[in-house]
Amino acid sequence: MSETARLSLQGKEVDLPLIIGSENEVGIDISSLRSETGAVTVDVGYKNTGSTTSSITYLDGEAGILRHRGYSIEDLAENATFMEVAYLLINGELPTQQEYEDWDYQIRHHTLVNEDMENIFKAWPTGSHPMGQLTAMISSLSSFYPESLNPNPNEEDQHRTIRRLIAKMPTIVAMLHKKNLGHPIIYPKNKLDYVSNFLNMTFKNVTEDYEIDPIFVEAMNKLLILHADHEQNCSASTVRIVGSAHSNLYACIAAGIAALWGPLHGGANQKVIEMLEAIREDGGDARKFIAKAKDKNDPFRLMGFGHRVYKNYDPRALIIKKSCDDILNKLGVKDPVLDIAKQLEETALADDYFVERKLFPNVDFYSGIIYRAMGFPVEMFTVLFALGRLPGWIAQWKEMRDQNQPIGRPRQIYTGHVKRDWTARALR
Ligand code: ACO
């Protein structure tokens with residue numbers, strides 16, 4: 001098979017090398033295109049553009065396959081702890097028992113945040129969206145750890161920043177939740193594992209005892225794993241491009257959180273529940289909303305449906321759908337929106353519009369129903385997505401820096417006015 005792709009351009013032939021991935025994906029290396037021909041490629045929304053080679057996550061959207069460092073998402077969701085997956089993503093291998101214990105110990109012992117961080121809450125209007133607050137809180141960590149501003153930290157300093165982020169994020173997320181309720185914050189407890197500690201800080205009330213429910217721990221662990229990485233999506237690409245300017249890691253993660261907030265990305269999980277509620281309040285007829293989604297004159301889209309890269313069932317959605325029934329049964333919760341979700345899915349998947357466009361439920365379609373059953377308010381859903389995605393963002397950033405990649409700076413094709421002469425205001 002040929003190792004190059006031949007491009008014929010305005011009478012000139014150029015051979016472009018191919019880059020073949022470990023799963024035989026084919027990329028055309030155009031890095032010399034501009035110097036050889038003066039031309040650039042145009043691909044708005046990067047639908048056909050590989051921005052990097054990467055050994056973190058493999059995704060085959062046509063076959064519905066997702067693997068991290070070679071391990072299938074099904075295996076990881078079934079067997080791993082979130083901390084194990086975080087280690088795997090960031091370091092490339094599953095930890096040995098000793099490595100796991102060391103990692104777990106380090107995370108447990110970095111969970112406290114500077115007391116001054118609590119002051120930041122005073123500036124926010126009551127009820128402001130926690131994703132805006134999370135972006136600011138994570139970015140503000142750079143002020144508390146100014147050594148992180150060093151663009152070329154040694155390995156130990158880099159690892160310390162990574163540990164701080166992983167350990168403090170659940171504390172900050174729980175603080176956001178408590179502050180939004182107007183409740184006192186609950187301090188971390190180092191004797192608890194990552195997920196139990198997060199649940200304790202979130203759901204314990206200072207006035208009462210709180211028993212951590214193992215069903216909650218299992219559900220939360222699985223949800224975090226399912227969100228841990230998803231290769232070069234909007235937020236991961238944002239983290240990489242901000243990091244390529246050698247901005248500090250806290251700023252890069254804050255930028256990733258901002259990208260995730262959008263309803264076309266992670267913000268969809270909040271929008272799904274709002275949509276299901278709206279359908280319920282409207283009498284529960286899924287077909288009416290399917291018709292709206294198909295109407296080109298109506299901006300309404302089925303939230304939690306469709307995906308840039310999955311043209312088959314999102315494997316994470318399959319796992320969540322199965323867990324959703326299971327968890328709601330175990331908790332003894334009957335949520336009418338689950339029935340609406342199932343009816344909506346069934347109707348959409350039998351409809352030509354969705355079949356032709358290969359639109360399937362994505363990871364966000366069922367996750368909100370589980371979060372809601374656990375007692376999280378809907379505005380926290382995207383924050384929980386960010387908590388899960390953190391190790392993926394860090395792994396993507398680290399890979400980009402370890403490979404010493406250049407600053408991200410796309411080209412464009414200018415389509416504005418050609419040179420014009422200045423005219424005085426009175427003559428225009
Ligand atoms: N409802 C109705 N129609 C849809 C939907 C939807 N949810 N998603 C895509 N379509 C249609 C489009 O109108 C388009 O139709 P056309 O070819 O007739 O014009 C076709 O399917 C292709 O859609 P695009 O928007 O071109 O696909 P793209 O890859 O750009 O967008 C996206 C993917 C943003 C996820 C889109 O499917 C969407 O908006 N979904 C709803 C929001 C959502 O659930 N986002 C979460 C994604 S998962 C995540 O980020 C974690």
# chains A, B, ... in the order shown; residues from 1 in each chain; ligands from 1
>>> residues_near_ligand(ligand="ligand 1", cutoff="7 Å", atoms="only C-alpha atoms and all ligand atoms", output="NGL selection string")
:A and (263-266 or 268 or 293-294 or 301-309 or 357 or 359 or 362-364)
>>> write_last_selection(atoms="N, CA, C and O atoms", output="mmCIF file, in the first residue's frame")
data_model
loop_
_atom_site.group_PDB
_atom_site.id
_atom_site.type_symbol
_atom_site.label_atom_id
_atom_site.label_comp_id
_atom_site.auth_asym_id
_atom_site.auth_seq_id
_atom_site.Cartn_x
_atom_site.Cartn_y
_atom_site.Cartn_z
ATOM 1 N N PRO A 263 -24.096 24.101 25.879
ATOM 2 C CA PRO A 263 -25.134 23.058 25.756
ATOM 3 C C PRO A 263 -24.897 22.066 24.623
ATOM 4 O O PRO A 263 -25.481 20.990 24.621
ATOM 5 N N LEU A 264 -24.018 22.418 23.661
ATOM 6 C CA LEU A 264 -23.712 21.433 22.620
ATOM 7 C C LEU A 264 -22.664 20.439 23.098
ATOM 8 O O LEU A 264 -22.396 19.436 22.439
ATOM 9 N N HIS A 265 -22.046 20.720 24.238
ATOM 10 C CA HIS A 265 -21.010 19.825 24.775
ATOM 11 C C HIS A 265 -21.529 19.317 26.131
ATOM 12 O O HIS A 265 -22.615 18.775 26.212
ATOM 13 N N GLY A 266 -20.772 19.531 27.209
ATOM 14 C CA GLY A 266 -21.154 18.959 28.506
ATOM 15 C C GLY A 266 -22.421 19.551 29.102
ATOM 16 O O GLY A 266 -23.100 18.906 29.914
ATOM 17 N N ALA A 268 -25.073 19.771 27.879
ATOM 18 C CA ALA A 268 -26.264 19.033 27.408
ATOM 19 C C ALA A 268 -26.911 18.227 28.530
ATOM 20 O O ALA A 268 -28.129 18.020 28.512
ATOM 21 N N ALA A 293 -37.970 18.613 16.722
ATOM 22 C CA ALA A 293 -36.537 18.431 16.447
ATOM 23 C C ALA A 293 -36.276 18.254 14.953
ATOM 24 O O ALA A 293 -35.215 18.617 14.448
ATOM 25 N N LYS A 294 -37.256 17.703 14.239
ATOM 26 C CA LYS A 294 -37.083 17.461 12.804
ATOM 27 C C LYS A 294 -37.395 18.701 11.957
ATOM 28 O O LYS A 294 -36.988 18.779 10.807
ATOM 29 N N ARG A 301 -33.540 21.113 19.332
ATOM 30 C CA ARG A 301 -32.840 19.857 19.051
ATOM 31 C C ARG A 301 -33.116 18.892 20.187
ATOM 32 O O ARG A 301 -33.327 19.330 21.317
ATOM 33 N N LEU A 302 -33.084 17.621 19.904
ATOM 34 C CA LEU A 302 -33.231 16.646 20.991
ATOM 35 C C LEU A 302 -31.931 16.651 21.771
ATOM 36 O O LEU A 302 -30.908 16.188 21.261
ATOM 37 N N MET A 303 -31.940 17.188 22.958
ATOM 38 C CA MET A 303 -30.707 17.245 23.736
ATOM 39 C C MET A 303 -30.345 15.830 24.184
ATOM 40 O O MET A 303 -31.227 15.020 24.490
ATOM 41 N N GLY A 304 -29.030 15.549 24.205
ATOM 42 C CA GLY A 304 -28.591 14.193 24.553
ATOM 43 C C GLY A 304 -28.667 13.238 23.379
ATOM 44 O O GLY A 304 -28.498 12.030 23.553
ATOM 45 N N PHE A 305 -28.930 13.800 22.198
ATOM 46 C CA PHE A 305 -28.987 12.983 20.987
ATOM 47 C C PHE A 305 -27.983 13.497 19.972
ATOM 48 O O PHE A 305 -27.842 14.696 19.784
ATOM 49 N N GLY A 306 -27.303 12.573 19.311
ATOM 50 C CA GLY A 306 -26.363 12.959 18.271
ATOM 51 C C GLY A 306 -24.982 13.164 18.850
ATOM 52 O O GLY A 306 -24.813 13.441 20.052
ATOM 53 N N HIS A 307 -23.998 13.010 18.012
ATOM 54 C CA HIS A 307 -22.621 13.171 18.449
ATOM 55 C C HIS A 307 -21.743 13.403 17.246
ATOM 56 O O HIS A 307 -21.996 12.819 16.186
ATOM 57 N N ARG A 308 -20.738 14.258 17.399
ATOM 58 C CA ARG A 308 -19.852 14.524 16.272
ATOM 59 C C ARG A 308 -19.172 13.241 15.784
ATOM 60 O O ARG A 308 -19.031 13.028 14.598
ATOM 61 N N VAL A 309 -18.745 12.394 16.675
ATOM 62 C CA VAL A 309 -17.985 11.227 16.205
ATOM 63 C C VAL A 309 -18.731 9.896 16.293
ATOM 64 O O VAL A 309 -18.383 8.961 15.579
ATOM 65 N N ARG A 357 -29.591 10.061 9.753
ATOM 66 C CA ARG A 357 -28.499 10.896 10.248
ATOM 67 C C ARG A 357 -27.672 10.205 11.322
ATOM 68 O O ARG A 357 -26.769 10.792 11.905
ATOM 69 N N LEU A 359 -28.346 9.371 14.383
ATOM 70 C CA LEU A 359 -28.411 10.101 15.658
ATOM 71 C C LEU A 359 -28.859 9.137 16.759
ATOM 72 O O LEU A 359 -29.968 8.609 16.712
ATOM 73 N N ASN A 362 -26.530 10.057 23.409
ATOM 74 C CA ASN A 362 -25.128 10.151 23.826
ATOM 75 C C ASN A 362 -25.018 10.019 25.342
ATOM 76 O O ASN A 362 -26.026 9.811 26.028
ATOM 77 N N VAL A 363 -23.805 10.182 25.854
ATOM 78 C CA VAL A 363 -23.532 9.935 27.283
ATOM 79 C C VAL A 363 -24.448 10.758 28.199
ATOM 80 O O VAL A 363 -24.751 10.360 29.320
ATOM 81 N N ASP A 364 -24.884 11.924 27.680
ATOM 82 C CA ASP A 364 -25.660 12.822 28.538
ATOM 83 C C ASP A 364 -27.127 12.451 28.664
ATOM 84 O O ASP A 364 -27.841 13.016 29.479
#
>>> residues_around(residues="Gly408 of chain A", least_positions_apart="6", cutoff="12 Å", atoms="only C-alpha atoms", output="ChimeraX atom specification")
/A:51-52,237-246,400-401
>>> write_last_selection(atoms="N, CA and C atoms", output="compact mmCIF listing (two decimals), in the first residue's frame")
# COMPACT_ATOMS: atom_id res chain seq x y z
N SER A 51 -5.77 16.90 14.99
CA SER A 51 -4.92 17.97 15.49
C SER A 51 -3.63 17.44 16.09
N THR A 52 -3.57 16.13 16.31
CA THR A 52 -2.40 15.55 16.97
C THR A 52 -2.40 14.04 16.78
N SER A 237 -9.58 19.79 23.30
CA SER A 237 -8.82 20.57 22.31
C SER A 237 -8.55 21.97 22.85
N THR A 238 -9.52 22.50 23.60
CA THR A 238 -9.33 23.83 24.22
C THR A 238 -8.17 23.78 25.21
N VAL A 239 -8.18 22.74 26.07
CA VAL A 239 -7.11 22.60 27.06
C VAL A 239 -5.76 22.53 26.35
N ARG A 240 -5.70 21.74 25.27
CA ARG A 240 -4.43 21.57 24.56
C ARG A 240 -3.99 22.88 23.92
N ILE A 241 -4.93 23.60 23.33
CA ILE A 241 -4.52 24.81 22.61
C ILE A 241 -4.11 25.92 23.59
N VAL A 242 -4.80 26.01 24.72
CA VAL A 242 -4.40 27.00 25.73
C VAL A 242 -3.03 26.60 26.30
N GLY A 243 -2.88 25.30 26.56
CA GLY A 243 -1.60 24.80 27.09
C GLY A 243 -0.45 24.98 26.12
N SER A 244 -0.76 25.00 24.82
CA SER A 244 0.31 25.13 23.83
C SER A 244 0.97 26.51 23.89
N ALA A 245 0.26 27.48 24.52
CA ALA A 245 0.86 28.80 24.72
C ALA A 245 1.68 28.83 26.03
N HIS A 246 1.82 27.66 26.66
CA HIS A 246 2.53 27.50 27.94
C HIS A 246 1.83 28.24 29.08
N MET A 400 0.60 16.71 25.30
CA MET A 400 0.95 17.80 24.40
C MET A 400 2.26 18.46 24.83
N ARG A 401 2.42 18.68 26.14
CA ARG A 401 3.66 19.31 26.63
C ARG A 401 4.83 18.34 26.55
>>> select_by_dssp(residues="segment 336-372 of chain A", states="alpha helix (DSSP H)", output="list in words")
Pro336, Val337, Leu338, Asp339, Ile340, Ala341, Lys342, Gln343, Leu344, Glu345, Glu346, Thr347, Ala348, Leu349, Asp352, Tyr353, Phe354, Val355, Glu356, Asp364, Phe365, Tyr366, Ser367, Gly368, Ile369, Ile370, Tyr371 and Arg372 of chain A
>>> residues_around(residues="Pro184 of chain A", least_positions_apart="6", cutoff="9 Å", atoms="only C-alpha atoms", output="PyMOL selection string")
chain A and resi 175+178+205-206
>>> atom_distance(atom1="atom CA of Pro125 of chain A", atom2="atom CA of Ala258 of chain A")
18.9 Å
>>> residues_around(residues="Asp213 of chain A", least_positions_apart="3", cutoff="10 Å", atoms="only C-alpha atoms", output="VMD selection string")
chain A and resid 196 199 to 200 210 216 to 218 331
>>> decode(residues="segment 339-353 of chain A", atoms="N, CA, C and O atoms", output="PDB file, in the first residue's frame")
ATOM      1  N   ASP A 339     -39.238   7.099  32.111  1.00  0.00           N
ATOM      2  CA  ASP A 339     -40.158   6.507  31.126  1.00  0.00           C
ATOM      3  C   ASP A 339     -40.244   7.394  29.884  1.00  0.00           C
ATOM      4  O   ASP A 339     -40.271   6.892  28.756  1.00  0.00           O
ATOM      5  N   ILE A 340     -40.251   8.714  30.109  1.00  0.00           N
ATOM      6  CA  ILE A 340     -40.307   9.627  28.956  1.00  0.00           C
ATOM      7  C   ILE A 340     -39.029   9.498  28.128  1.00  0.00           C
ATOM      8  O   ILE A 340     -39.068   9.453  26.895  1.00  0.00           O
ATOM      9  N   ALA A 341     -37.892   9.394  28.817  1.00  0.00           N
ATOM     10  CA  ALA A 341     -36.607   9.249  28.111  1.00  0.00           C
ATOM     11  C   ALA A 341     -36.630   7.997  27.241  1.00  0.00           C
ATOM     12  O   ALA A 341     -36.218   8.023  26.078  1.00  0.00           O
ATOM     13  N   LYS A 342     -37.130   6.897  27.806  1.00  0.00           N
ATOM     14  CA  LYS A 342     -37.150   5.639  27.046  1.00  0.00           C
ATOM     15  C   LYS A 342     -38.096   5.728  25.851  1.00  0.00           C
ATOM     16  O   LYS A 342     -37.782   5.257  24.766  1.00  0.00           O
ATOM     17  N   GLN A 343     -39.233   6.370  26.083  1.00  0.00           N
ATOM     18  CA  GLN A 343     -40.213   6.533  25.005  1.00  0.00           C
ATOM     19  C   GLN A 343     -39.630   7.414  23.888  1.00  0.00           C
ATOM     20  O   GLN A 343     -39.766   7.105  22.698  1.00  0.00           O
ATOM     21  N   LEU A 344     -38.948   8.461  24.310  1.00  0.00           N
ATOM     22  CA  LEU A 344     -38.324   9.382  23.343  1.00  0.00           C
ATOM     23  C   LEU A 344     -37.267   8.647  22.515  1.00  0.00           C
ATOM     24  O   LEU A 344     -37.203   8.772  21.292  1.00  0.00           O
ATOM     25  N   GLU A 345     -36.437   7.871  23.207  1.00  0.00           N
ATOM     26  CA  GLU A 345     -35.379   7.125  22.524  1.00  0.00           C
ATOM     27  C   GLU A 345     -35.981   6.140  21.517  1.00  0.00           C
ATOM     28  O   GLU A 345     -35.565   6.090  20.356  1.00  0.00           O
ATOM     29  N   GLU A 346     -36.970   5.386  21.994  1.00  0.00           N
ATOM     30  CA  GLU A 346     -37.604   4.377  21.136  1.00  0.00           C
ATOM     31  C   GLU A 346     -38.215   5.023  19.885  1.00  0.00           C
ATOM     32  O   GLU A 346     -38.012   4.557  18.763  1.00  0.00           O
ATOM     33  N   THR A 347     -38.932   6.125  20.088  1.00  0.00           N
ATOM     34  CA  THR A 347     -39.596   6.795  18.967  1.00  0.00           C
ATOM     35  C   THR A 347     -38.558   7.365  18.003  1.00  0.00           C
ATOM     36  O   THR A 347     -38.688   7.231  16.784  1.00  0.00           O
ATOM     37  N   ALA A 348     -37.505   7.995  18.553  1.00  0.00           N
ATOM     38  CA  ALA A 348     -36.488   8.599  17.688  1.00  0.00           C
ATOM     39  C   ALA A 348     -35.755   7.521  16.883  1.00  0.00           C
ATOM     40  O   ALA A 348     -35.532   7.683  15.683  1.00  0.00           O
ATOM     41  N   LEU A 349     -35.416   6.418  17.530  1.00  0.00           N
ATOM     42  CA  LEU A 349     -34.626   5.394  16.833  1.00  0.00           C
ATOM     43  C   LEU A 349     -35.424   4.646  15.771  1.00  0.00           C
ATOM     44  O   LEU A 349     -34.845   3.924  14.951  1.00  0.00           O
ATOM     45  N   ALA A 350     -36.753   4.835  15.796  1.00  0.00           N
ATOM     46  CA  ALA A 350     -37.584   4.206  14.760  1.00  0.00           C
ATOM     47  C   ALA A 350     -37.942   5.219  13.666  1.00  0.00           C
ATOM     48  O   ALA A 350     -38.670   4.904  12.738  1.00  0.00           O
ATOM     49  N   ASP A 351     -37.442   6.432  13.797  1.00  0.00           N
ATOM     50  CA  ASP A 351     -37.827   7.514  12.881  1.00  0.00           C
ATOM     51  C   ASP A 351     -36.729   7.703  11.819  1.00  0.00           C
ATOM     52  O   ASP A 351     -35.540   7.787  12.143  1.00  0.00           O
ATOM     53  N   ASP A 352     -37.154   7.778  10.544  1.00  0.00           N
ATOM     54  CA  ASP A 352     -36.189   7.888   9.435  1.00  0.00           C
ATOM     55  C   ASP A 352     -35.201   9.034   9.602  1.00  0.00           C
ATOM     56  O   ASP A 352     -34.026   8.906   9.270  1.00  0.00           O
ATOM     57  N   TYR A 353     -35.694  10.185  10.108  1.00  0.00           N
ATOM     58  CA  TYR A 353     -34.824  11.357  10.268  1.00  0.00           C
ATOM     59  C   TYR A 353     -33.595  10.991  11.118  1.00  0.00           C
ATOM     60  O   TYR A 353     -32.464  11.295  10.766  1.00  0.00           O
TER      61      TYR A 353
END
